[in-house]
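Text of final14.cif (mmCIF, C-alpha atoms (C1' of nucleotides)) as supplied:
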```cif
data_data
loop_
_atom_site.label_atom_id
_atom_site.label_comp_id
_atom_site.auth_asym_id
_atom_site.auth_seq_id
_atom_site.Cartn_x
_atom_site.Cartn_y
_atom_site.Cartn_z
CA MET A 268 2.51 11.83 -30.68
CA LYS A 269 4.43 14.75 -29.34
CA LYS A 270 2.30 17.58 -27.95
CA SER A 271 2.92 21.30 -27.90
CA LYS A 272 4.49 22.90 -24.87
CA GLN A 273 1.19 24.25 -23.71
CA GLU A 274 -0.51 20.88 -24.12
CA THR A 275 2.33 19.24 -22.22
CA ALA A 276 1.87 21.66 -19.35
CA GLU A 277 -1.85 20.98 -19.36
CA THR A 278 -1.19 17.25 -19.27
CA HIS A 279 1.13 17.77 -16.32
CA GLU A 280 -1.64 19.58 -14.50
CA ASP A 281 -4.14 16.89 -15.44
CA ILE A 282 -1.90 14.23 -13.91
CA LEU A 283 -1.44 16.29 -10.77
CA ASN A 284 -5.16 16.86 -10.37
CA ALA A 285 -5.92 13.20 -10.96
CA ALA A 286 -3.27 12.15 -8.45
CA ALA A 287 -4.40 14.69 -5.88
CA LEU A 288 -7.91 13.29 -6.10
CA GLU A 289 -7.05 9.59 -6.18
CA PHE A 290 -4.52 9.82 -3.37
CA ARG A 291 -7.00 11.58 -1.11
CA ARG A 292 -9.81 9.21 -1.99
CA ASN A 293 -7.98 5.88 -1.98
CA GLY A 294 -4.72 6.50 -0.17
CA ILE A 295 -1.20 6.93 -1.47
CA ALA A 296 0.09 3.37 -1.19
CA GLU A 297 -3.22 1.98 -2.46
CA THR A 298 -3.15 4.10 -5.64
CA GLY A 299 -1.05 2.81 -8.52
CA LEU A 300 0.55 4.96 -11.16
CA SER A 301 -1.53 3.36 -13.92
CA GLU A 302 -4.62 4.30 -11.96
CA VAL A 303 -3.51 7.91 -11.78
CA MET A 304 -2.62 8.04 -15.45
CA ALA A 305 -5.87 6.38 -16.50
CA SER A 306 -7.77 8.85 -14.34
CA ALA A 307 -5.99 11.61 -16.25
CA GLY A 308 -7.02 10.02 -19.55
CA LEU A 309 -3.55 8.64 -20.38
CA THR A 310 -1.70 5.34 -20.33
CA HIS A 311 0.97 4.45 -17.79
CA GLY A 312 3.92 4.79 -20.16
CA GLY A 313 4.14 8.53 -20.38
CA PHE A 314 4.45 8.97 -16.65
CA TYR A 315 8.22 9.29 -16.51
CA ARG A 316 8.21 12.11 -19.04
CA HIS A 317 6.58 14.22 -16.32
CA PHE A 318 7.91 12.86 -13.01
CA GLU A 319 11.06 11.09 -12.04
CA SER A 320 9.41 8.87 -9.41
CA LYS A 321 6.17 8.21 -7.59
CA GLU A 322 7.55 10.04 -4.58
CA GLN A 323 7.95 13.18 -6.62
CA LEU A 324 4.39 12.87 -7.89
CA VAL A 325 3.19 12.50 -4.30
CA ALA A 326 5.00 15.64 -3.24
CA GLU A 327 3.75 17.69 -6.19
CA ALA A 328 0.20 16.36 -5.90
CA CYS A 329 0.10 17.22 -2.22
CA GLU A 330 1.38 20.69 -2.94
CA LYS A 331 -1.31 21.08 -5.57
CA ALA A 332 -4.03 19.83 -3.25
CA PHE A 333 -2.95 22.15 -0.46
CA ALA A 334 -2.77 25.12 -2.80
CA THR A 335 -6.21 24.49 -4.24
CA VAL A 336 -7.90 23.92 -0.90
CA LEU A 337 -6.15 26.76 0.92
CA ASP A 338 -6.75 29.26 -1.89
CA GLU A 339 -10.43 28.47 -1.67
CA VAL A 340 -10.50 28.70 2.13
CA GLU A 341 -8.58 31.96 2.06
CA ARG A 342 -10.85 33.40 -0.60
CA ARG A 343 -13.93 32.72 1.46
CA ALA A 344 -12.24 33.91 4.66
CA THR A 345 -11.18 37.28 3.29
CA ARG A 346 -14.27 37.99 1.25
CA ASN A 347 -16.35 39.83 3.81
CA SER A 348 -14.12 40.62 6.73
CA ALA A 349 -16.91 42.34 8.62
CA GLU A 350 -18.82 39.10 9.16
CA ASN A 351 -17.91 36.45 11.69
CA THR A 352 -15.79 34.46 9.31
CA LEU A 353 -14.43 32.05 11.90
CA SER A 354 -17.76 30.30 12.11
CA THR A 355 -18.02 30.31 8.32
CA LEU A 356 -14.63 28.67 8.06
CA VAL A 357 -15.29 26.11 10.79
CA ASN A 358 -18.78 25.26 9.58
CA GLY A 359 -17.44 24.83 6.06
CA TYR A 360 -14.63 22.54 7.15
CA LEU A 361 -16.80 20.49 9.50
CA SER A 362 -19.57 19.98 6.97
CA ASN A 363 -21.06 16.83 5.50
CA ARG A 364 -20.06 18.00 2.07
CA HIS A 365 -16.39 18.17 3.02
CA ARG A 366 -16.64 14.75 4.63
CA ASP A 367 -18.26 13.06 1.64
CA ASP A 368 -16.62 14.77 -1.33
CA PHE A 369 -12.89 14.32 -1.82
CA ARG A 370 -12.53 16.69 -4.75
CA ASN A 371 -11.70 19.57 -2.45
CA ALA A 372 -10.87 17.65 0.68
CA CYS A 373 -8.20 18.87 3.08
CA PRO A 374 -5.11 16.69 2.59
CA LEU A 375 -4.31 16.77 6.29
CA ALA A 376 -7.54 14.97 7.13
CA ALA A 377 -7.71 12.81 4.01
CA LEU A 378 -4.09 11.63 4.15
CA GLY A 379 -3.40 12.00 7.86
CA SER A 380 -1.54 8.80 8.59
CA ASP A 381 -0.17 8.52 5.05
CA LEU A 382 1.60 11.87 5.26
CA ARG A 383 3.42 10.86 8.41
CA ARG A 384 5.04 8.01 6.50
CA ALA A 385 5.80 10.02 3.35
CA ASP A 386 9.29 11.11 2.34
CA ALA A 387 10.96 14.28 3.59
CA LYS A 388 9.91 16.47 0.69
CA THR A 389 6.24 15.57 1.01
CA ARG A 390 6.30 16.11 4.76
CA LYS A 391 7.85 19.51 4.17
CA VAL A 392 5.01 20.37 1.80
CA ALA A 393 2.48 19.13 4.33
CA SER A 394 4.09 21.12 7.13
CA ALA A 395 4.00 24.27 5.02
CA GLY A 396 0.36 23.61 4.20
CA PHE A 397 -0.41 23.21 7.87
CA ASP A 398 1.39 26.46 8.72
CA ARG A 399 -0.54 28.34 6.09
CA PHE A 400 -3.83 26.89 7.28
CA VAL A 401 -3.03 27.96 10.83
CA SER A 402 -2.27 31.48 9.61
CA ILE A 403 -5.62 31.70 7.87
CA VAL A 404 -7.45 30.58 11.01
CA GLU A 405 -5.35 32.94 13.08
CA GLY A 406 -6.52 35.77 10.86
CA GLN A 407 -10.07 35.13 12.01
CA LEU A 408 -9.18 35.54 15.69
CA ASP A 409 -8.72 39.29 15.79
CA LYS A 410 -10.02 39.48 19.33
CA LEU A 411 -6.99 37.67 20.69
CA PRO A 412 -3.43 39.02 20.98
CA PRO A 413 -0.99 37.37 18.52
CA PRO A 414 0.74 34.77 20.72
CA GLU A 415 -2.55 33.44 22.07
CA ALA A 416 -4.12 33.65 18.63
CA LYS A 417 -1.51 31.36 17.12
CA ALA A 418 -1.91 28.78 19.87
CA ARG A 419 -5.66 29.00 19.58
CA ALA A 420 -5.57 28.65 15.80
CA THR A 421 -3.31 25.62 16.15
CA SER A 422 -5.70 23.90 18.51
CA ILE A 423 -8.65 24.72 16.25
CA MET A 424 -6.86 23.04 13.36
CA ALA A 425 -6.22 19.96 15.48
CA ALA A 426 -9.87 19.72 16.46
CA MET A 427 -11.08 20.17 12.89
CA VAL A 428 -8.69 17.61 11.40
CA GLY A 429 -9.42 15.06 14.12
CA ALA A 430 -13.16 15.48 13.75
CA MET A 431 -12.96 14.96 10.00
CA VAL A 432 -10.74 11.88 10.35
CA LEU A 433 -13.09 10.32 12.90
CA ALA A 434 -16.25 11.30 11.05
CA ARG A 435 -14.97 9.32 8.08
CA ILE A 436 -13.90 6.25 10.07
CA VAL A 437 -17.07 5.71 12.03
CA ASP A 438 -19.66 3.49 10.34
CA LYS A 439 -22.84 5.03 11.73
CA PRO A 440 -23.94 8.28 10.07
CA SER A 441 -25.54 9.50 13.28
CA VAL A 442 -22.26 9.19 15.16
CA SER A 443 -20.39 10.80 12.29
CA ASN A 444 -22.74 13.78 12.34
CA ARG A 445 -22.44 14.03 16.12
CA ILE A 446 -18.67 14.25 15.83
CA LEU A 447 -18.88 17.15 13.40
CA LYS A 448 -21.56 18.96 15.38
CA SER A 449 -19.95 18.66 18.80
CA THR A 450 -16.59 19.79 17.44
CA ARG A 451 -18.18 22.84 15.85
CA GLU A 452 -19.56 23.63 19.29
CA LEU A 453 -16.23 23.05 21.03
CA ILE A 454 -14.51 25.50 18.72
CA LEU A 455 -17.21 28.13 18.40
CA ARG A 456 -18.61 28.33 21.93
CA THR A 457 -17.99 31.78 23.28
CA MET B 900 6.57 -29.12 13.91
CA LYS B 901 3.14 -29.12 15.44
CA LYS B 902 2.79 -27.19 18.69
CA SER B 903 0.54 -27.82 21.68
CA LYS B 904 -2.78 -26.03 21.93
CA GLN B 905 -1.42 -23.57 24.42
CA GLU B 906 1.61 -22.83 22.29
CA THR B 907 -0.64 -22.36 19.27
CA ALA B 908 -2.76 -19.85 21.17
CA GLU B 909 0.39 -18.03 22.24
CA THR B 910 1.60 -17.92 18.66
CA HIS B 911 -1.75 -16.48 17.61
CA GLU B 912 -1.34 -13.73 20.18
CA ASP B 913 2.25 -13.14 19.09
CA ILE B 914 1.10 -12.61 15.50
CA LEU B 915 -1.65 -10.26 16.62
CA ASN B 916 0.72 -8.22 18.76
CA ALA B 917 3.28 -8.03 15.98
CA ALA B 918 0.62 -6.98 13.47
CA ALA B 919 -0.89 -4.43 15.82
CA LEU B 920 2.53 -2.83 16.23
CA GLU B 921 3.64 -2.98 12.59
CA PHE B 922 0.33 -1.72 11.22
CA ARG B 923 0.37 1.27 13.55
CA ARG B 924 4.01 2.03 12.87
CA ASN B 925 4.18 1.47 9.11
CA GLY B 926 0.61 1.47 7.90
CA ILE B 927 -1.68 -1.37 6.89
CA ALA B 928 -1.12 -1.41 3.12
CA GLU B 929 2.61 -0.84 3.62
CA THR B 930 3.01 -3.85 5.91
CA GLY B 931 3.32 -7.26 4.26
CA LEU B 932 2.31 -10.53 5.83
CA SER B 933 5.89 -11.82 5.77
CA GLU B 934 6.90 -8.72 7.71
CA VAL B 935 4.29 -9.41 10.35
CA MET B 936 5.24 -13.07 10.63
CA ALA B 937 8.96 -12.29 10.80
CA SER B 938 8.25 -9.73 13.50
CA ALA B 939 6.49 -12.51 15.41
CA GLY B 940 9.51 -14.78 14.95
CA LEU B 941 7.91 -16.98 12.30
CA THR B 942 8.03 -17.51 8.54
CA HIS B 943 5.28 -16.45 6.17
CA GLY B 944 3.96 -19.95 5.47
CA GLY B 945 2.15 -20.59 8.71
CA PHE B 946 0.00 -17.52 8.41
CA TYR B 947 -3.08 -19.20 6.99
CA ARG B 948 -3.23 -21.67 9.85
CA HIS B 949 -4.22 -18.71 12.02
CA PHE B 950 -6.10 -16.32 9.73
CA GLU B 951 -8.11 -16.79 6.61
CA SER B 952 -7.02 -13.52 5.01
CA LYS B 953 -5.09 -10.33 5.61
CA GLU B 954 -8.36 -8.50 6.14
CA GLN B 955 -9.20 -10.77 9.03
CA LEU B 956 -5.77 -10.16 10.55
CA VAL B 957 -6.32 -6.41 10.23
CA ALA B 958 -9.66 -6.63 12.00
CA GLU B 959 -8.32 -8.79 14.82
CA ALA B 960 -5.14 -6.76 15.21
CA CYS B 961 -7.14 -3.53 15.45
CA GLU B 962 -9.41 -5.09 18.03
CA LYS B 963 -6.36 -6.18 20.00
CA ALA B 964 -4.78 -2.74 19.77
CA PHE B 965 -7.95 -1.01 20.89
CA ALA B 966 -8.43 -3.42 23.78
CA THR B 967 -4.87 -3.00 25.02
CA VAL B 968 -4.85 0.78 24.76
CA LEU B 969 -8.33 1.29 26.18
CA ASP B 970 -7.79 -1.11 29.08
CA GLU B 971 -4.74 0.90 30.03
CA VAL B 972 -6.52 4.24 29.67
CA GLU B 973 -9.46 2.98 31.67
CA ARG B 974 -7.23 1.56 34.38
CA ARG B 975 -5.54 4.90 34.88
CA ALA B 976 -8.81 6.79 34.65
CA THR B 977 -10.60 4.80 37.32
CA ARG B 978 -7.69 4.39 39.69
CA ASN B 979 -8.15 7.47 41.84
CA SER B 980 -11.52 8.91 41.04
CA ALA B 981 -11.10 11.73 43.51
CA GLU B 982 -8.37 13.39 41.48
CA ASN B 983 -8.94 15.43 38.35
CA THR B 984 -8.50 12.52 36.02
CA LEU B 985 -9.56 14.35 32.86
CA SER B 986 -6.30 16.26 32.82
CA THR B 987 -4.39 13.07 33.54
CA LEU B 988 -6.08 11.39 30.59
CA VAL B 989 -5.60 14.33 28.22
CA ASN B 990 -2.01 14.98 29.25
CA GLY B 991 -1.23 11.31 28.83
CA TYR B 992 -2.77 11.14 25.35
CA LEU B 993 -1.24 14.41 24.17
CA SER B 994 2.25 13.54 25.37
CA ASN B 995 5.54 13.24 23.52
CA ARG B 996 5.76 9.64 24.63
CA HIS B 997 2.48 8.73 22.96
CA ARG B 998 3.55 10.56 19.83
CA ASP B 999 6.94 8.86 19.55
CA ASP B 1000 6.23 5.32 20.76
CA PHE B 1001 3.85 3.17 18.74
CA ARG B 1002 3.78 0.22 21.11
CA ASN B 1003 0.76 1.59 22.92
CA ALA B 1004 -0.38 4.12 20.35
CA CYS B 1005 -4.07 4.86 19.85
CA PRO B 1006 -5.16 3.16 16.60
CA LEU B 1007 -7.48 6.04 15.74
CA ALA B 1008 -4.56 8.45 15.49
CA ALA B 1009 -1.99 5.97 14.16
CA LEU B 1010 -4.25 4.50 11.46
CA GLY B 1011 -6.62 7.40 10.91
CA SER B 1012 -6.88 7.47 7.14
CA ASP B 1013 -6.16 3.73 6.82
CA LEU B 1014 -9.18 2.79 8.92
CA ARG B 1015 -11.51 4.78 6.72
CA ARG B 1016 -10.53 2.59 3.79
CA ALA B 1017 -10.60 -0.71 5.69
CA ASP B 1018 -13.30 -3.34 5.23
CA ALA B 1019 -16.62 -3.31 7.07
CA LYS B 1020 -15.53 -5.57 9.92
CA THR B 1021 -12.49 -3.46 10.74
CA ARG B 1022 -14.50 -0.26 10.59
CA LYS B 1023 -16.99 -1.80 12.97
CA VAL B 1024 -14.17 -2.63 15.37
CA ALA B 1025 -12.83 0.91 15.04
CA SER B 1026 -16.25 2.42 15.63
CA ALA B 1027 -16.71 0.34 18.75
CA GLY B 1028 -13.26 1.40 19.95
CA PHE B 1029 -14.17 5.01 19.38
CA ASP B 1030 -17.44 4.63 21.29
CA ARG B 1031 -15.67 3.05 24.22
CA PHE B 1032 -13.04 5.78 24.25
CA VAL B 1033 -15.76 8.43 24.27
CA SER B 1034 -17.43 6.68 27.21
CA ILE B 1035 -14.22 6.71 29.20
CA VAL B 1036 -13.73 10.43 28.56
CA GLU B 1037 -17.37 11.05 29.37
CA GLY B 1038 -16.82 9.39 32.73
CA GLN B 1039 -14.35 12.14 33.58
CA LEU B 1040 -16.89 14.91 32.97
CA ASP B 1041 -19.06 14.41 36.04
CA LYS B 1042 -19.79 18.11 36.26
CA LEU B 1043 -21.84 18.04 33.08
CA PRO B 1044 -25.29 16.49 32.59
CA PRO B 1045 -25.24 13.35 30.42
CA PRO B 1046 -26.30 14.69 27.01
CA GLU B 1047 -23.82 17.55 27.12
CA ALA B 1048 -21.16 15.27 28.56
CA LYS B 1049 -21.38 12.93 25.58
CA ALA B 1050 -21.12 15.76 23.09
CA ARG B 1051 -18.24 17.25 25.02
CA ALA B 1052 -16.43 13.93 25.26
CA THR B 1053 -16.88 13.44 21.53
CA SER B 1054 -15.31 16.78 20.73
CA ILE B 1055 -12.45 16.12 23.14
CA MET B 1056 -11.70 12.87 21.30
CA ALA B 1057 -11.70 14.73 18.00
CA ALA B 1058 -9.27 17.32 19.27
CA MET B 1059 -6.94 14.72 20.76
CA VAL B 1060 -6.87 12.51 17.67
CA GLY B 1061 -6.35 15.46 15.35
CA ALA B 1062 -3.56 16.87 17.46
CA MET B 1063 -1.76 13.53 17.49
CA VAL B 1064 -2.15 13.07 13.73
CA LEU B 1065 -0.79 16.55 13.04
CA ALA B 1066 1.98 16.32 15.62
CA ARG B 1067 3.28 13.28 13.75
CA ILE B 1068 3.02 14.81 10.28
CA VAL B 1069 4.80 18.08 10.93
CA ASP B 1070 8.57 18.01 10.43
CA LYS B 1071 9.61 20.57 13.01
CA PRO B 1072 9.66 19.34 16.63
CA SER B 1073 8.85 22.81 17.92
CA VAL B 1074 5.66 22.95 15.86
CA SER B 1075 4.78 19.41 16.88
CA ASN B 1076 5.13 20.30 20.53
CA ARG B 1077 3.08 23.45 20.04
CA ILE B 1078 0.24 21.40 18.55
CA LEU B 1079 0.14 19.12 21.58
CA LYS B 1080 0.41 21.96 24.09
CA SER B 1081 -2.21 24.23 22.56
CA THR B 1082 -4.66 21.35 22.23
CA ARG B 1083 -4.18 20.42 25.88
CA GLU B 1084 -5.07 24.02 26.67
CA LEU B 1085 -8.10 24.04 24.37
CA ILE B 1086 -9.51 20.98 26.10
CA LEU B 1087 -8.56 21.74 29.69
CA ARG B 1088 -9.21 25.47 29.97
CA THR B 1089 -11.97 25.99 32.48
"C1'" DT C 1303 2.04 -47.48 21.34
"C1'" DT C 1304 0.05 -46.42 16.90
"C1'" DG C 1305 -2.34 -43.70 13.70
"C1'" DT C 1306 -4.32 -39.26 12.81
"C1'" DT C 1307 -4.12 -34.46 13.03
"C1'" DT C 1308 -1.88 -30.17 12.48
"C1'" DA C 1309 1.65 -25.91 13.39
"C1'" DG C 1310 4.78 -24.14 10.98
"C1'" DA C 1311 8.65 -24.30 7.17
"C1'" DT C 1312 9.67 -24.35 2.31
"C1'" DG C 1313 8.44 -23.42 -2.11
"C1'" DT C 1314 5.31 -21.96 -5.81
"C1'" DC C 1315 1.79 -19.26 -8.34
"C1'" DT C 1316 -0.62 -15.41 -9.96
"C1'" DG C 1317 -1.23 -10.67 -10.16
"C1'" DC C 1318 0.12 -6.16 -9.37
"C1'" DT C 1319 3.61 -2.67 -8.76
"C1'" DA C 1320 7.22 0.86 -10.13
"C1'" DT C 1321 10.42 1.51 -13.50
"C1'" DC C 1322 12.39 1.52 -17.95
"C1'" DA C 1323 13.23 0.49 -23.34
"C1'" DT C 1324 11.44 1.20 -27.56
"C1'" DC C 1325 8.60 3.08 -31.14
"C1'" DT C 1326 6.02 6.57 -33.55
"C1'" DA C 1327 3.84 10.59 -34.78
"C1'" DT C 1328 4.00 15.12 -33.93
"C1'" DC C 1329 6.16 19.54 -32.55
"C1'" DC C 1330 9.74 22.81 -32.96
"C1'" DT C 1331 14.16 24.66 -34.44
"C1'" DG C 1332 17.31 25.97 -37.93
"C1'" DC D 191 10.89 22.69 -45.16
"C1'" DA D 192 14.12 19.24 -43.28
"C1'" DG D 193 15.74 16.99 -39.34
"C1'" DG D 194 16.33 16.47 -34.53
"C1'" DA D 195 13.71 16.42 -30.20
"C1'" DT D 196 10.01 14.54 -27.50
"C1'" DA D 197 4.96 13.31 -25.53
"C1'" DG D 198 2.79 9.59 -25.06
"C1'" DA D 199 1.59 4.52 -26.45
"C1'" DT D 200 3.05 -0.20 -26.30
"C1'" DG D 201 5.45 -3.57 -24.23
"C1'" DA D 202 8.85 -5.74 -21.12
"C1'" DT D 203 11.17 -6.52 -16.64
"C1'" DA D 204 12.15 -7.34 -11.90
"C1'" DG D 205 10.38 -7.48 -7.43
"C1'" DC D 206 7.02 -7.97 -4.05
"C1'" DA D 207 2.36 -8.92 -2.50
"C1'" DG D 208 -1.32 -12.30 -0.91
"C1'" DA D 209 -2.61 -16.86 -1.26
"C1'" DC D 210 -2.00 -21.68 -1.37
"C1'" DA D 211 0.25 -26.77 -1.99
"C1'" DT D 212 3.17 -29.66 0.07
"C1'" DC D 213 6.12 -31.58 3.51
"C1'" DT D 214 7.63 -32.71 8.35
"C1'" DA D 215 7.78 -33.46 12.90
"C1'" DA D 216 5.47 -33.10 16.88
"C1'" DA D 217 1.00 -33.36 19.62
"C1'" DC D 218 -2.87 -35.82 20.64
"C1'" DA D 219 -6.59 -39.38 20.50
"C1'" DA D 220 -7.36 -44.27 20.25
#
```
Representation of the structure as structure tokens:
Amino acid sequence: MKKSKQETAETHEDILNAAALEFRRNGIAETGLSEVMASAGLTHGGFYRHFESKEQLVAEACEKAFATVLDEVERRATRNSAENTLSTLVNGYLSNRHRDDFRNACPLAALGSDLRRADAKTRKVASAGFDRFVSIVEGQLDKLPPPEAKARATSIMAAMVGAMVLARIVDKPSVSNRILKSTRELILRT
Amino acid sequence: MKKSKQETAETHEDILNAAALEFRRNGIAETGLSEVMASAGLTHGGFYRHFESKEQLVAEACEKAFATVLDEVERRATRNSAENTLSTLVNGYLSNRHRDDFRNACPLAALGSDLRRADAKTRKVASAGFDRFVSIVEGQLDKLPPPEAKARATSIMAAMVGAMVLARIVDKPSVSNRILKSTRELILRT
DNA sequence: TTGTTTAGATGTCTGCTATCATCTATCCTG
DNA sequence: CAGGATAGATGATAGCAGACATCTAAACAA
């Protein structure tokens, strides 16, 4: 049942995409390898032809998730630079859709406390993802001089991630919506 | 090896304190019951004399952690009401000590993505803890009228939790410190 | 004091996990 | 086209998890 090189590469991507989704939705420790493989349409046995350990899968899946999400955010941020894209970015991040749909969810918010406990390689990936996210936000703050812009972008990221984490914990939809709304206001007030 | 009623109650508290610490430090799914019991100075067998399931332990341990942390925050917030206690509260939360020591860590930041996946009872406890935390912050915003104060307090909580989550993920201490500092500034700028 | 209750220790059970061995059918190289 | 290489399926293994049965010594009620 050997597959061609291209098919193998596609399978590798399938596994990564499945893992990136399942980890964000159900947590890293809570997601078994069989679950990931089944979600990719495979059985558990072929896993070690593609990855040497679960830790490596975690690192690669996080990298994939960051790349996908940040490419999309960057694309929308740089599309029409004349508009006020900061509010577009913030309103997109702090939206009900982002809260409820994990297919393009930010790994920082979806895996917050899991990433802290991950191995060094995964934390490196997460740190790089955070840095890139800050840079994108910073690019929307052209009114501020660079040193202040970086600090400001950093604090905006913190507020957005925290709001999303809390909005998903809380069990009353009205409170969840209030968290998102008030944080949009905190960030975007003039 | 039966113990007196008072000793039994003390043991129950010991288990709760051990669980509250281990869950925050290592995660809920990552912490086994034997680990909790050993941390409380016991063996795994006696567990079901005190709790009917791990889920119940999680709920009670979260409640305990919230109560301990919020009592302390409230105590410091209401001590000298003449001072600017908002900055005291924010600087205390967004401190290196809070980031590095899990013994009195805020469960919202330490268990962020774990709480979202917890059972209904635990999420209810977490939601109540969040509400109480917001009320305490709101009490420090006496310059604002009530409706705005609640929204503002909510966004401050989001920023603090997100900053703490990120400060623990990132692998460079300088970046971690920058996250805490810039978020203090975002919240406390006039 | 005597008999009952029970906190906690020891040990077991079932199920799930990550990891690996083996097998087979297909790809790819020579 | 022949033969080695390999993607993925099947199956096994070892370890750990939560949950529970049993045992015992001590607390308590009579």
Could you work out which residues of chain C fall inside 10 Å of chain A? Count only C-alpha atoms (C1' of nucleotides), and format the result as a ChimeraX atom specification. /C:1318-1322,1326-1330
Separation of CA of Ser422 in chain A from CA of Arg1077 in chain B in Å: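 Computing it gives 8.9 Å between the two atoms.
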Closest pair table for chain A residues within 8 Å of chain B, only C-alpha atoms, as a tab-separated table:
```
residue	atom	partner	partner_atom	distance
A:Asn293	CA	B:Arg1016	CA	7.1
A:Gly294	CA	B:Asp1013	CA	7.7
A:Ala296	CA	B:Ala928	CA	6.5
A:Glu297	CA	B:Ala928	CA	6.9
A:Leu375	CA	B:Leu1065	CA	7.6
A:Ala376	CA	B:Ser1012	CA	7.5
A:Ala377	CA	B:Ser1012	CA	6.2
A:Leu378	CA	B:Ser1012	CA	5.8
A:Gly379	CA	B:Ser1012	CA	5.8
A:Ser380	CA	B:Ser1012	CA	5.7
A:Asp381	CA	B:Ser1012	CA	7.1
A:Leu382	CA	B:Ile1068	CA	6.0
A:Arg383	CA	B:Ile1068	CA	4.4
A:Arg384	CA	B:Asn925	CA	7.1
A:Arg390	CA	B:Asp1070	CA	6.4
A:Lys391	CA	B:Asp1070	CA	6.5
A:Ala393	CA	B:Val1069	CA	7.1
A:Ser394	CA	B:Val1069	CA	4.9
A:Phe397	CA	B:Val1069	CA	7.9
A:Ala418	CA	B:Ser1081	CA	5.3
A:Arg419	CA	B:Ser1081	CA	6.6
A:Thr421	CA	B:Ile1078	CA	6.0
A:Ser422	CA	B:Thr1082	CA	4.6
A:Ile423	CA	B:Thr1082	CA	7.9
A:Met424	CA	B:Gly1061	CA	7.9
A:Ala425	CA	B:Gly1061	CA	4.5
A:Ala426	CA	B:Ala1058	CA	3.7
A:Met427	CA	B:Gly1061	CA	7.1
A:Val428	CA	B:Gly1061	CA	5.1
A:Gly429	CA	B:Gly1061	CA	3.3
A:Ala430	CA	B:Ala1057	CA	4.6
A:Val432	CA	B:Gly1011	CA	6.1
A:Leu433	CA	B:Ala1057	CA	6.9
A:Arg435	CA	B:Arg1015	CA	5.9
A:Ile436	CA	B:Arg1015	CA	4.4
A:Val437	CA	B:Ser1026	CA	4.9
A:Asp438	CA	B:Arg1022	CA	6.4
A:Arg445	CA	B:Ala1050	CA	7.3
A:Ile446	CA	B:Thr1053	CA	6.0
A:Ser449	CA	B:Ala1050	CA	5.3
A:Thr450	CA	B:Ser1054	CA	4.6
A:Leu453	CA	B:Ser1054	CA	6.3
```
Can you translate the PyMOL selection byres ((chain D) within 8 of (chain A)) into the concrete residues it hits in this file, as a ChimeraX atom specification? /D:196-200
So how far away is C1' of DA216 in chain D from C1' of DG1305 in chain C, in Å?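 Those two atoms sit 13.5 Å apart.
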Where does the PyMOL selection byres ((chain D and resi 212) around 10) land in this file, that is, which residues does it pick, as a list of chain:residue names?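 So the PyMOL selection byres ((chain D and resi 212) around 10) ends up selecting C:DT1312, C:DG1313, C:DT1314, D:DC210, D:DA211, D:DC213, D:DT214.
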Grab the residues selected above and save them as a PDB file, in the frame of the given file with C-alpha atoms (C1' of nucleotides).
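File written: selection24.pdb
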```
ATOM      1  C1'  DT C1312       9.670 -24.350   2.310  1.00  0.00           C
ATOM      2  C1'  DG C1313       8.440 -23.420  -2.110  1.00  0.00           C
ATOM      3  C1'  DT C1314       5.310 -21.960  -5.810  1.00  0.00           C
TER       4       DT C1314
ATOM      5  C1'  DC D 210      -2.000 -21.680  -1.370  1.00  0.00           C
ATOM      6  C1'  DA D 211       0.250 -26.770  -1.990  1.00  0.00           C
ATOM      7  C1'  DC D 213       6.120 -31.580   3.510  1.00  0.00           C
ATOM      8  C1'  DT D 214       7.630 -32.710   8.350  1.00  0.00           C
TER       9       DT D 214
END
```
As an exercise, work out the distance from CA of Ile282 in chain A to CA of Ala334 in chain A in Å and give it to one decimal place.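 Those two atoms sit 15.6 Å apart.
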Shell of 9 Å around Ser938 in chain B, all atoms listed in the file, local chain residues under 2 positions omitted, as a ChimeraX atom specification: /B:913-914,917-918,921,933-936,940-941
Translate the PyMOL selection byres ((chain D and resi 201) around 9), as applied to the file shown, into an explicit residue set as a ChimeraX atom specification. /C:1323-1324 /D:200,202
Please report, as lines of an AutoDock Vina configuration file, the centre and edge lengths in Å to one decimal of an axis-aligned box covering all listed atoms of range 929-943 of chain B with 4 Å per side.
```
center_x = 5.9
center_y = -9.2
center_z = 9.5
size_x = 15.2
size_y = 24.7
size_z = 19.8
```
Write out as a ChimeraX atom specification the residues lying within 10 Å of Glu973 in chain B, counting only C-alpha atoms (C1' of nucleotides) and excluding same-chain residues fewer than 4 positions away. /B:968-969,977-978,988,1031-1032,1034-1036,1038
